[in-house]
file work06.pdb (PDB, C-alpha atoms and all ligand atoms)
ATOM      1  CA  MET S  26     110.256  99.061  99.083
ATOM      2  CA  PRO S  27     108.119 102.007  98.004
ATOM      3  CA  GLU S  28     104.975 102.102 100.168
ATOM      4  CA  LEU S  29     101.864 104.267  99.969
ATOM      5  CA  PRO S  30     103.577 107.650 100.580
ATOM      6  CA  GLU S  31     106.280 106.929  97.997
ATOM      7  CA  VAL S  32     103.823 105.713  95.351
ATOM      8  CA  GLU S  33     101.487 108.644  96.080
ATOM      9  CA  THR S  34     104.409 111.051  95.611
ATOM     10  CA  ILE S  35     105.396 109.368  92.349
ATOM     11  CA  LYS S  36     101.801 109.636  91.107
ATOM     12  CA  ASN S  37     101.521 113.309  92.082
ATOM     13  CA  GLU S  38     104.831 114.232  90.509
ATOM     14  CA  LEU S  39     104.357 112.208  87.310
ATOM     15  CA  LEU S  40     100.920 113.670  86.596
ATOM     16  CA  PRO S  41     101.924 117.065  85.164
ATOM     17  CA  HIS S  42     104.591 115.462  82.961
ATOM     18  CA  ILE S  43     102.649 112.673  81.334
ATOM     19  CA  VAL S  44      98.900 113.334  81.321
ATOM     20  CA  GLY S  45      97.840 114.471  77.868
ATOM     21  CA  HIS S  46     100.940 112.910  76.312
ATOM     22  CA  ARG S  47     100.761 110.202  73.701
ATOM     23  CA  ILE S  48     102.900 107.060  73.821
ATOM     24  CA  THR S  49     105.008 106.886  70.662
ATOM     25  CA  SER S  50     106.890 103.654  71.375
ATOM     26  CA  ILE S  51     108.102 101.282  74.088
ATOM     27  CA  THR S  52     111.611  99.941  74.548
ATOM     28  CA  LEU S  53     111.922  96.903  76.804
ATOM     29  CA  PHE S  54     115.333  95.873  78.122
ATOM     30  CA  TRP S  55     113.822  93.226  80.415
ATOM     31  CA  ASP S  56     110.767  91.460  79.008
ATOM     32  CA  GLY S  57     110.143  89.753  82.355
ATOM     33  CA  MET S  58     108.466  92.850  83.770
ATOM     34  CA  VAL S  59     105.488  92.501  81.396
ATOM     35  CA  ARG S  60     103.098  90.190  83.204
ATOM     36  CA  GLN S  61     100.040  90.521  80.982
ATOM     37  CA  PRO S  62      99.334  90.316  78.001
ATOM     38  CA  SER S  63     102.215  89.044  75.813
ATOM     39  CA  VAL S  64     105.121  91.438  75.286
ATOM     40  CA  GLU S  65     104.150  91.939  71.635
ATOM     41  CA  GLU S  66     100.539  92.702  72.451
ATOM     42  CA  PHE S  67     101.514  94.888  75.404
ATOM     43  CA  CYS S  68     103.658  97.091  73.186
ATOM     44  CA  SER S  69     101.294  97.220  70.226
ATOM     45  CA  ARG S  70      98.293  98.111  72.389
ATOM     46  CA  LEU S  71     100.184 100.931  74.130
ATOM     47  CA  ILE S  72     101.518 102.644  71.033
ATOM     48  CA  ALA S  73      99.578 105.768  69.995
ATOM     49  CA  GLN S  74      97.608 105.760  73.253
ATOM     50  CA  GLU S  75      97.173 109.027  75.125
ATOM     51  CA  ILE S  76      97.670 108.917  78.900
ATOM     52  CA  THR S  77      94.510 110.474  80.321
ATOM     53  CA  GLY S  78      95.167 110.085  84.046
ATOM     54  CA  VAL S  79      97.279 108.502  86.759
ATOM     55  CA  ALA S  80      95.863 107.096  89.985
ATOM     56  CA  ARG S  81      97.197 105.089  92.914
ATOM     57  CA  ARG S  82      95.618 102.088  94.620
ATOM     58  CA  GLY S  83      97.663 100.643  97.459
ATOM     59  CA  LYS S  84     101.200 100.414  96.104
ATOM     60  CA  TYR S  85     100.017 100.188  92.483
ATOM     61  CA  LEU S  86     100.112 102.979  89.899
ATOM     62  CA  ILE S  87      97.230 102.945  87.428
ATOM     63  CA  PHE S  88      97.624 104.842  84.148
ATOM     64  CA  SER S  89      94.397 105.435  82.205
ATOM     65  CA  LEU S  90      94.627 105.366  78.419
ATOM     66  CA  ASN S  91      92.192 106.812  75.924
ATOM     67  CA  SER S  92      91.454 103.293  74.623
ATOM     68  CA  GLY S  93      89.924 102.546  78.020
ATOM     69  CA  ASN S  94      92.758 100.156  78.820
ATOM     70  CA  LEU S  95      94.763 100.587  82.003
ATOM     71  CA  LEU S  96      98.523 100.306  82.365
ATOM     72  CA  ILE S  97      99.210  99.119  85.915
ATOM     73  CA  ILE S  98     102.711  99.250  87.420
ATOM     74  CA  HIS S  99     104.018  97.815  90.700
ATOM     75  CA  LEU S 100     107.531  98.959  91.609
ATOM     76  CA  LYS S 101     108.111  96.063  94.052
ATOM     77  CA  MET S 102     111.394  96.315  96.006
ATOM     78  CA  THR S 103     113.630  98.593  93.970
ATOM     79  CA  GLY S 104     111.675 100.065  91.045
ATOM     80  CA  SER S 105     111.568 103.762  90.206
ATOM     81  CA  LEU S 106     109.927 105.803  87.476
ATOM     82  CA  LEU S 107     111.912 108.754  86.192
ATOM     83  CA  ILE S 108     110.942 111.513  83.787
ATOM     84  CA  LYS S 109     113.776 112.192  81.351
ATOM     85  CA  PRO S 110     114.273 114.306  78.274
ATOM     86  CA  ALA S 111     114.540 112.273  75.070
ATOM     87  CA  SER S 112     118.232 113.169  74.921
ATOM     88  CA  ALA S 113     119.076 111.524  78.277
ATOM     89  CA  GLU S 114     121.764 108.865  78.584
ATOM     90  CA  PRO S 115     120.316 105.463  79.568
ATOM     91  CA  ASP S 116     120.627 104.569  83.255
ATOM     92  CA  LYS S 117     122.488 101.433  84.304
ATOM     93  CA  PHE S 118     119.399  99.760  85.744
ATOM     94  CA  ILE S 119     116.934 100.821  83.084
ATOM     95  CA  ARG S 120     114.469  98.034  82.268
ATOM     96  CA  ALA S 121     111.919  99.841  80.100
ATOM     97  CA  VAL S 122     111.395 103.199  78.426
ATOM     98  CA  ILE S 123     107.971 104.528  77.558
ATOM     99  CA  HIS S 124     108.631 107.123  74.873
ATOM    100  CA  LEU S 125     106.117 109.970  74.927
ATOM    101  CA  ASP S 126     105.479 112.746  72.445
ATOM    102  CA  LYS S 127     106.987 116.222  72.927
ATOM    103  CA  GLY S 128     110.404 114.786  73.766
ATOM    104  CA  THR S 129     109.520 113.194  77.122
ATOM    105  CA  GLU S 130     110.491 109.712  78.259
ATOM    106  CA  LEU S 131     109.407 107.666  81.224
ATOM    107  CA  TYR S 132     112.192 105.392  82.489
ATOM    108  CA  PHE S 133     111.401 102.316  84.539
ATOM    109  CA  CYS S 134     114.604 101.588  86.467
ATOM    110  CA  ASP S 135     114.838  98.552  88.697
ATOM    111  CA  PRO S 136     118.123  97.039  89.948
ATOM    112  CA  ARG S 137     116.486  93.827  91.163
ATOM    113  CA  LYS S 138     114.197  93.385  88.135
ATOM    114  CA  LEU S 139     111.166  92.574  90.303
ATOM    115  CA  GLY S 140     108.902  95.402  89.066
ATOM    116  CA  VAL S 141     105.817  94.402  87.089
ATOM    117  CA  MET S 142     103.584  95.931  84.398
ATOM    118  CA  TRP S 143     100.142  94.811  83.256
ATOM    119  CA  LEU S 144      97.857  96.145  80.532
ATOM    120  CA  VAL S 145      94.249  95.334  81.378
ATOM    121  CA  GLU S 146      90.690  96.370  80.650
ATOM    122  CA  ASP S 147      89.483  95.918  84.226
ATOM    123  CA  LYS S 148      91.713  97.104  87.044
ATOM    124  CA  ASN S 149      89.989  94.766  89.478
ATOM    125  CA  ALA S 150      91.777  91.882  87.801
ATOM    126  CA  ILE S 151      94.924  93.214  89.514
ATOM    127  CA  VAL S 152      93.844  95.386  92.447
ATOM    128  CA  GLY S 153      90.388  93.973  93.199
ATOM    129  CA  LYS S 154      91.452  92.102  96.326
ATOM    130  CA  LEU S 155      93.166  95.012  98.065
ATOM    131  CA  GLY S 156      91.908  96.161 101.434
ATOM    132  CA  PRO S 157      90.676  99.698 102.126
ATOM    133  CA  GLU S 158      92.695 102.812 101.368
ATOM    134  CA  PRO S 159      93.882 104.131 104.742
ATOM    135  CA  LEU S 160      93.629 107.799 103.774
ATOM    136  CA  GLU S 161      90.148 107.687 102.261
ATOM    137  CA  ALA S 162      87.257 109.216 104.209
ATOM    138  CA  ASP S 163      85.461 105.880 104.399
ATOM    139  CA  PHE S 164      88.351 104.322 106.322
ATOM    140  CA  THR S 165      87.059 105.122 109.811
ATOM    141  CA  PRO S 166      88.103 103.749 113.221
ATOM    142  CA  GLN S 167      84.921 101.644 113.053
ATOM    143  CA  VAL S 168      86.035 100.097 109.752
ATOM    144  CA  LEU S 169      89.426  99.256 111.249
ATOM    145  CA  ALA S 170      87.757  97.749 114.331
ATOM    146  CA  GLN S 171      85.462  95.598 112.165
ATOM    147  CA  ARG S 172      88.379  94.322 110.119
ATOM    148  CA  LEU S 173      90.373  93.483 113.258
ATOM    149  CA  ASN S 174      87.498  91.624 114.850
ATOM    150  CA  ASN S 175      88.522  87.997 115.564
ATOM    151  CA  ARG S 176      91.798  88.343 113.637
ATOM    152  CA  MET S 177      94.301  86.232 115.566
ATOM    153  CA  ALA S 178      97.363  87.372 113.640
ATOM    154  CA  PRO S 179     100.048  89.788 114.896
ATOM    155  CA  ILE S 180      98.981  93.361 114.243
ATOM    156  CA  LYS S 181     102.277  94.011 112.426
ATOM    157  CA  ALA S 182     101.509  91.202 109.963
ATOM    158  CA  LEU S 183      97.953  92.467 109.429
ATOM    159  CA  LEU S 184      99.144  96.007 108.686
ATOM    160  CA  CYS S 185     101.535  94.617 106.044
ATOM    161  CA  ASP S 186      98.813  92.396 104.519
ATOM    162  CA  GLN S 187      97.595  94.231 101.400
ATOM    163  CA  THR S 188      94.217  92.500 101.568
ATOM    164  CA  PHE S 189      93.720  93.772 105.121
ATOM    165  CA  ILE S 190      94.711  97.386 104.423
ATOM    166  CA  ALA S 191      96.295  98.697 101.223
ATOM    167  CA  GLY S 192      99.609 100.484 100.855
ATOM    168  CA  ILE S 193     101.380  99.913 104.173
ATOM    169  CA  GLY S 194     104.646  97.971 104.359
ATOM    170  CA  ASN S 195     107.378  97.333 106.876
ATOM    171  CA  MET S 196     108.480 100.940 107.434
ATOM    172  CA  TYR S 197     105.115 102.572 108.004
ATOM    173  CA  ALA S 198     103.720  99.629 109.954
ATOM    174  CA  ASP S 199     106.580  99.998 112.458
ATOM    175  CA  GLU S 200     106.107 103.770 112.597
ATOM    176  CA  ALA S 201     102.338 103.549 113.076
ATOM    177  CA  LEU S 202     102.623 100.924 115.831
ATOM    178  CA  PHE S 203     105.193 103.042 117.656
ATOM    179  CA  ALA S 204     103.026 106.160 117.373
ATOM    180  CA  ALA S 205     100.055 104.155 118.704
ATOM    181  CA  GLY S 206     102.084 102.528 121.527
ATOM    182  CA  ILE S 207     101.189  99.000 120.372
ATOM    183  CA  HIS S 208     103.594  96.045 120.388
ATOM    184  CA  PRO S 209     103.983  94.475 116.916
ATOM    185  CA  VAL S 210     103.119  90.921 118.041
ATOM    186  CA  ARG S 211      99.823  91.886 119.747
ATOM    187  CA  LEU S 212      97.003  89.962 118.096
ATOM    188  CA  GLY S 213      94.784  92.190 115.973
ATOM    189  CA  GLY S 214      91.548  90.888 117.488
ATOM    190  CA  ASN S 215      92.791  91.576 121.034
ATOM    191  CA  LEU S 216      93.277  95.326 120.664
ATOM    192  CA  SER S 217      91.039  97.462 122.851
ATOM    193  CA  GLN S 218      88.723 100.053 121.358
ATOM    194  CA  ASP S 219      91.067 102.754 122.601
ATOM    195  CA  GLU S 220      94.054 101.057 120.973
ATOM    196  CA  VAL S 221      92.207 100.689 117.670
ATOM    197  CA  GLY S 222      91.381 104.394 117.781
ATOM    198  CA  ARG S 223      95.028 105.286 118.455
ATOM    199  CA  LEU S 224      96.215 102.954 115.701
ATOM    200  CA  HIS S 225      93.788 104.449 113.185
ATOM    201  CA  GLN S 226      94.995 107.939 114.008
ATOM    202  CA  ALA S 227      98.650 106.850 113.920
ATOM    203  CA  ILE S 228      98.306 105.190 110.499
ATOM    204  CA  GLN S 229      96.843 108.333 108.974
ATOM    205  CA  GLN S 230      99.322 110.593 110.717
ATOM    206  CA  VAL S 231     102.473 108.715 109.644
ATOM    207  CA  LEU S 232     101.234 108.327 106.062
ATOM    208  CA  TRP S 233     100.209 111.983 105.644
ATOM    209  CA  SER S 234     103.462 113.133 107.216
ATOM    210  CA  ALA S 235     105.485 110.955 104.845
ATOM    211  CA  ILE S 236     103.542 112.209 101.824
ATOM    212  CA  GLY S 237     104.270 115.758 102.992
ATOM    213  CA  ASN S 238     107.957 114.827 102.998
ATOM    214  CA  LYS S 239     107.697 113.238  99.513
ATOM    215  CA  GLY S 240     108.393 109.709 100.695
ATOM    216  CA  ALA S 241     111.377 108.036 102.330
ATOM    217  CA  SER S 242     114.557 107.687 100.297
ATOM    218  CA  VAL S 243     115.789 104.477 101.794
ATOM    219  CA  ASP S 244     117.158 101.872  99.390
ATOM    220  CA  THR S 245     116.608 103.041  95.815
ATOM    221  CA  TYR S 246     113.560 105.302  96.076
ATOM    222  CA  LEU S 247     113.756 108.422  93.936
ATOM    223  CA  ARG S 248     111.060 110.893  92.968
ATOM    224  CA  PRO S 249     110.300 111.129  89.220
ATOM    225  CA  GLY S 250     112.576 114.151  88.805
ATOM    226  CA  GLY S 251     115.432 112.241  90.440
ATOM    227  CA  GLU S 252     115.159 114.036  93.805
ATOM    228  CA  LEU S 253     115.181 112.265  97.175
ATOM    229  CA  GLY S 254     112.297 112.201  99.628
ATOM    230  CA  THR S 255     112.948 113.151 103.246
ATOM    231  CA  ALA S 256     110.311 111.171 105.172
ATOM    232  CA  HIS S 257     112.945 108.868 106.693
ATOM    233  CA  PHE S 258     114.351 111.789 108.673
ATOM    234  CA  GLN S 259     111.079 111.755 110.622
ATOM    235  CA  PHE S 260     111.208 108.028 111.399
ATOM    236  CA  GLN S 261     111.075 107.244 115.102
ATOM    237  CA  VAL S 262     111.888 103.532 115.101
ATOM    238  CA  ALA S 263     112.209 102.297 111.505
ATOM    239  CA  HIS S 264     115.815 101.207 111.306
ATOM    240  CA  TYR S 265     116.966 103.206 108.349
ATOM    241  CA  LEU S 266     118.191 106.191 110.315
ATOM    242  CA  GLY S 267     119.878 104.989 113.447
ATOM    243  CA  GLY S 268     116.856 104.349 115.627
ATOM    244  CA  LYS S 269     119.081 103.068 118.416
ATOM    245  CA  PHE S 270     117.211 104.645 121.314
ATOM    246  CA  CYS S 271     113.550 105.434 121.696
ATOM    247  CA  PRO S 272     113.104 109.174 121.006
ATOM    248  CA  VAL S 273     110.418 109.307 123.708
ATOM    249  CA  CYS S 274     111.901 107.376 126.666
ATOM    250  CA  GLY S 275     115.493 106.534 125.695
ATOM    251  CA  THR S 276     115.043 102.755 125.953
ATOM    252  CA  PRO S 277     117.061 100.863 123.322
ATOM    253  CA  ILE S 278     114.939 100.035 120.272
ATOM    254  CA  GLU S 279     114.555  96.289 119.803
ATOM    255  CA  ARG S 280     114.254  94.295 116.611
ATOM    256  CA  ILE S 281     112.261  91.086 116.427
ATOM    257  CA  PRO S 282     111.066  89.055 113.458
ATOM    258  CA  VAL S 283     107.293  89.055 112.986
ATOM    259  CA  ARG S 284     106.351  86.580 110.254
ATOM    260  CA  ASN S 285     109.918  86.865 108.934
ATOM    261  CA  ARG S 286     109.941  90.651 108.771
ATOM    262  CA  GLY S 287     112.254  92.654 110.984
ATOM    263  CA  SER S 288     110.132  94.790 113.285
ATOM    264  CA  TYR S 289     111.498  97.711 115.290
ATOM    265  CA  PHE S 290     109.796  98.861 118.457
ATOM    266  CA  CYS S 291     110.347 100.329 121.919
ATOM    267  CA  PRO S 292     109.730  97.668 124.584
ATOM    268  CA  ASN S 293     108.835 100.380 127.105
ATOM    269  CA  CYS S 294     106.435 102.497 124.995
ATOM    270  CA  GLN S 295     104.967  99.436 123.247
ATOM    271  CA  PRO S 296     104.431  96.852 126.010
ATOM    272  CA  GLU S 297     103.632  93.298 124.935
ATOM    273  CA  LEU S 298     100.643  92.839 127.253
TER
HETATM  274 ZN    ZN R 301     110.071 104.378 124.395
END

call {"tool": "encode", "arguments": {"input": "work06.pdb", "output": "structure tokens", "more": "lines below"}}
Ligand SMILES: [Zn+2]
result
Amino acid sequence: MPELPEVETIKNELLPHIVGHRITSITLFWDGMVRQPSVEEFCSRLIAQEITGVARRGKYLIFSLNSGNLLIIHLKMTGSLLIKPASAEPDKFIRAVIHLDKGTELYFCDPRKLGVMWLVEDKNAIVGKLGPEPLEADFTPQVLAQRLNNRMAPIKALLCDQTFIAGIGNMYADEALFAAGIHPVRLGGNLSQDEVGRLHQAIQQVLWSAIGNKGASVDTYLRPGGELGTAHFQFQVAHYLGGKFCPVCGTPIERIPVRNRGSYFCPNCQPEL
């Protein structure tokens, strides 16, 4: 699933291709991805709108329109957004095309058809309950410590909880916990001040590193131009690239379920106590 670094890369790389462009029409091959309003209203309210900006919040992409409305997209498990010339052949898994002026098209491809689009006036209707952005200046170690206070849930589950912190999923939670030397089932409220400080630093470090590498091309993730990201080559424990032995101490990496999500960790570098 695309997480913060993948969605940030998509946002950055879409921007120069779509901002200032006007939507000329929409083609939907799978109506189920329009969550709000009705399909008819969604299409009619988008047509002739100019895209004035693209932002990211958590794993959501937020497109500003000159009407003041916002087109919000969540790629879910397998969605990708691709910039194509108007002459391009349709992809097999194409679910929607946003036709733009000057011969540009934005393809929404999604093998599993789980991706979602909303057209809203107030973004908080969709993203209002998200936790803090981990790369913003106001996300300090103190903020993380406050949020962890008294939380008796496994730290891995908290990191993947979008209302606790926005944008992190299975891959980067495992990477951040490894970098911080914290076992995934440790209870959030039991982390020491030193551990919280290490975790804060590790979260920012793994996310910035992955953005620098344009995201991780595991599963179906592609950048808008169709290129792959390379962040997965930096993964230390996330299972997508071997990860059989700890790169630090050589202990075999273990996998345990934490709230039904496979979690990879080094039992030596990330002790359970
Ligand atoms: Zn180790």

call {"tool": "resolve_selection", "arguments": {"input": "work06.pdb", "expression": "the PyMOL selection byres (((not hetatm)) within 6 of (chain R and resi 301))", "output": "PyMOL selection string"}}
result
chain S and resi 271+273-276+291+293-294

call {"tool": "resolve_selection", "arguments": {"input": "work06.pdb", "expression": "the PyMOL selection byres (((chain S and resi 240) around 8) and not hetatm)", "output": "ChimeraX atom specification"}}
result
/S:30-31,34,235-239,241-242,254-257

call {"tool": "atom_distance", "arguments": {"input": "work06.pdb", "atom1": "atom CA of S:Ser69", "atom2": "atom CA of S:Cys134"}}
result
21.4 Å

call {"tool": "residues_around", "arguments": {"input": "work06.pdb", "residues": "S:Arg60", "least_positions_apart": "2", "cutoff": "7 Å", "atoms": "only C-alpha atoms", "output": "mmCIF file with C-alpha atoms, in the coordinates of the input"}}
result
data_model
loop_
_atom_site.group_PDB
_atom_site.id
_atom_site.type_symbol
_atom_site.label_atom_id
_atom_site.label_comp_id
_atom_site.auth_asym_id
_atom_site.auth_seq_id
_atom_site.Cartn_x
_atom_site.Cartn_y
_atom_site.Cartn_z
ATOM 1 C CA MET S 58 108.466 92.850 83.770
ATOM 2 C CA PRO S 62 99.334 90.316 78.001
ATOM 3 C CA VAL S 141 105.817 94.402 87.089
ATOM 4 C CA MET S 142 103.584 95.931 84.398
ATOM 5 C CA TRP S 143 100.142 94.811 83.256
#

call {"tool": "residues_near_point", "arguments": {"input": "work06.pdb", "point": "(110.7, 111.3, 88.7)", "cutoff": "9 Å", "atoms": "all atoms listed in the file", "output": "PyMOL selection string"}}
result
chain S and resi 35+38-39+105-109+131-132+247-252

call {"tool": "resolve_selection", "arguments": {"input": "work06.pdb", "expression": "the PyMOL selection byres (((chain S and resi 285) around 12) and not hetatm)", "output": "JSON, numbers by chain"}}
result
{"S": [179, 181, 182, 185, 195, 280, 281, 282, 283, 284, 286, 287, 288]}

call {"tool": "closest_residue", "arguments": {"input": "work06.pdb", "among": "S:Ile190, S:Ile123, S:Leu144, S:Leu95", "to": "S:Ser63", "atoms": "all atoms listed in the file"}}
result
S:Leu144

call {"tool": "residues_around", "arguments": {"input": "work06.pdb", "residues": "stretch 77-92 of chain S", "least_positions_apart": "3", "cutoff": "6 Å", "atoms": "all atoms listed in the file", "output": "list in words"}}
result
Glu28, Leu29, Val32, Val44, Gly45, Gln74, Leu95, Leu96, Ile97, Ile98, His99, Ala191 and Gly192 of chain S

call {"tool": "write_last_selection", "arguments": {"input": "work06.pdb", "atoms": "C-alpha atoms", "output": "CSV table (one decimal), keeping the file's coordinate frame"}}
result
chain,number,residue,atom,x,y,z
S,28,GLU,CA,105.0,102.1,100.2
S,29,LEU,CA,101.9,104.3,100.0
S,32,VAL,CA,103.8,105.7,95.4
S,44,VAL,CA,98.9,113.3,81.3
S,45,GLY,CA,97.8,114.5,77.9
S,74,GLN,CA,97.6,105.8,73.3
S,95,LEU,CA,94.8,100.6,82.0
S,96,LEU,CA,98.5,100.3,82.4
S,97,ILE,CA,99.2,99.1,85.9
S,98,ILE,CA,102.7,99.2,87.4
S,99,HIS,CA,104.0,97.8,90.7
S,191,ALA,CA,96.3,98.7,101.2
S,192,GLY,CA,99.6,100.5,100.9

call {"tool": "atom_distance", "arguments": {"input": "work06.pdb", "atom1": "atom CA of S:Glu33", "atom2": "atom CA of S:Gln218"}}
result
29.6 Å

call {"tool": "closest_residue", "arguments": {"input": "work06.pdb", "among": "S:Phe54, S:Thr103, S:Glu146, S:Gln61", "to": "S:Arg120", "atoms": "only C-alpha atoms"}}
result
S:Phe54

call {"tool": "closest_residue", "arguments": {"input": "work06.pdb", "among": "S:Pro115, S:Pro41, S:Gly57, S:Gly213", "to": "S:Gln171", "atoms": "all atoms listed in the file"}}
result
S:Gly213

call {"tool": "atom_distance", "arguments": {"input": "work06.pdb", "atom1": "atom CA of S:Arg70", "atom2": "atom CA of S:Val145"}}
result
10.2 Å

call {"tool": "residues_around", "arguments": {"input": "work06.pdb", "residues": "S:Gly153", "least_positions_apart": "5", "cutoff": "10 Å", "atoms": "all atoms listed in the file", "output": "list of chain:residue names"}}
result
S:Arg82, S:Asp147, S:Lys148, S:Thr188

call {"tool": "residues_around", "arguments": {"input": "work06.pdb", "residues": "S:Cys68", "least_positions_apart": "4", "cutoff": "8 Å", "atoms": "all atoms listed in the file", "output": "PyMOL selection string"}}
result
chain S and resi 50-51+64+72

call {"tool": "closest_residue", "arguments": {"input": "work06.pdb", "among": "S:Tyr246, S:Pro27, S:Asn94, S:Leu139", "to": "S:Val59", "atoms": "only C-alpha atoms"}}
result
S:Leu139

call {"tool": "closest_residue", "arguments": {"input": "work06.pdb", "among": "S:Pro296, S:Glu114, S:Glu75, S:Phe258", "to": "S:Ala205", "atoms": "only C-alpha atoms"}}
result
S:Pro296

call {"tool": "closest_residue", "arguments": {"input": "work06.pdb", "among": "S:Glu279, S:Asp56, S:Glu297, S:Glu200", "to": "S:Gly140", "atoms": "all atoms listed in the file"}}
result
S:Asp56

call {"tool": "residues_near_point", "arguments": {"input": "work06.pdb", "point": "(94.0, 103.3, 118.4)", "cutoff": "12 Å", "atoms": "only C-alpha atoms", "output": "PyMOL selection string"}}
result
chain S and resi 165-167+169-170+173+180+201-207+213+216-230

call {"tool": "decode", "arguments": {"input": "work06.pdb", "residues": "stretch 224-236 of chain S", "atoms": "N, CA and C atoms", "output": "mmCIF file, in the first residue's frame"}}
result
data_model
loop_
_atom_site.group_PDB
_atom_site.id
_atom_site.type_symbol
_atom_site.label_atom_id
_atom_site.label_comp_id
_atom_site.auth_asym_id
_atom_site.auth_seq_id
_atom_site.Cartn_x
_atom_site.Cartn_y
_atom_site.Cartn_z
ATOM 1 N N LEU S 224 12.460 6.829 18.732
ATOM 2 C CA LEU S 224 11.390 6.508 17.787
ATOM 3 C C LEU S 224 11.033 7.734 16.937
ATOM 4 N N HIS S 225 10.946 8.889 17.573
ATOM 5 C CA HIS S 225 10.656 10.114 16.830
ATOM 6 C C HIS S 225 11.693 10.344 15.733
ATOM 7 N N GLN S 226 12.951 10.207 16.106
ATOM 8 C CA GLN S 226 14.028 10.413 15.142
ATOM 9 C C GLN S 226 13.968 9.364 14.023
ATOM 10 N N ALA S 227 13.676 8.115 14.412
ATOM 11 C CA ALA S 227 13.631 7.027 13.430
ATOM 12 C C ALA S 227 12.485 7.216 12.439
ATOM 13 N N ILE S 228 11.330 7.651 12.930
ATOM 14 C CA ILE S 228 10.181 7.885 12.036
ATOM 15 C C ILE S 228 10.568 8.905 10.976
ATOM 16 N N GLN S 229 11.136 10.022 11.423
ATOM 17 C CA GLN S 229 11.466 11.081 10.461
ATOM 18 C C GLN S 229 12.562 10.615 9.502
ATOM 19 N N GLN S 230 13.520 9.885 10.039
ATOM 20 C CA GLN S 230 14.632 9.443 9.201
ATOM 21 C C GLN S 230 14.168 8.460 8.122
ATOM 22 N N VAL S 231 13.348 7.472 8.481
ATOM 23 C CA VAL S 231 12.945 6.487 7.462
ATOM 24 C C VAL S 231 12.005 7.121 6.431
ATOM 25 N N LEU S 232 11.173 8.071 6.876
ATOM 26 C CA LEU S 232 10.257 8.703 5.918
ATOM 27 C C LEU S 232 11.016 9.629 4.963
ATOM 28 N N TRP S 233 11.915 10.461 5.503
ATOM 29 C CA TRP S 233 12.685 11.349 4.615
ATOM 30 C C TRP S 233 13.544 10.546 3.641
ATOM 31 N N SER S 234 14.154 9.482 4.142
ATOM 32 C CA SER S 234 14.991 8.653 3.276
ATOM 33 C C SER S 234 14.159 8.057 2.135
ATOM 34 N N ALA S 235 12.963 7.582 2.471
ATOM 35 C CA ALA S 235 12.115 6.972 1.445
ATOM 36 C C ALA S 235 11.613 8.008 0.444
ATOM 37 N N ILE S 236 11.334 9.215 0.912
ATOM 38 C CA ILE S 236 10.947 10.278 -0.031
ATOM 39 C C ILE S 236 12.118 10.570 -0.973
#
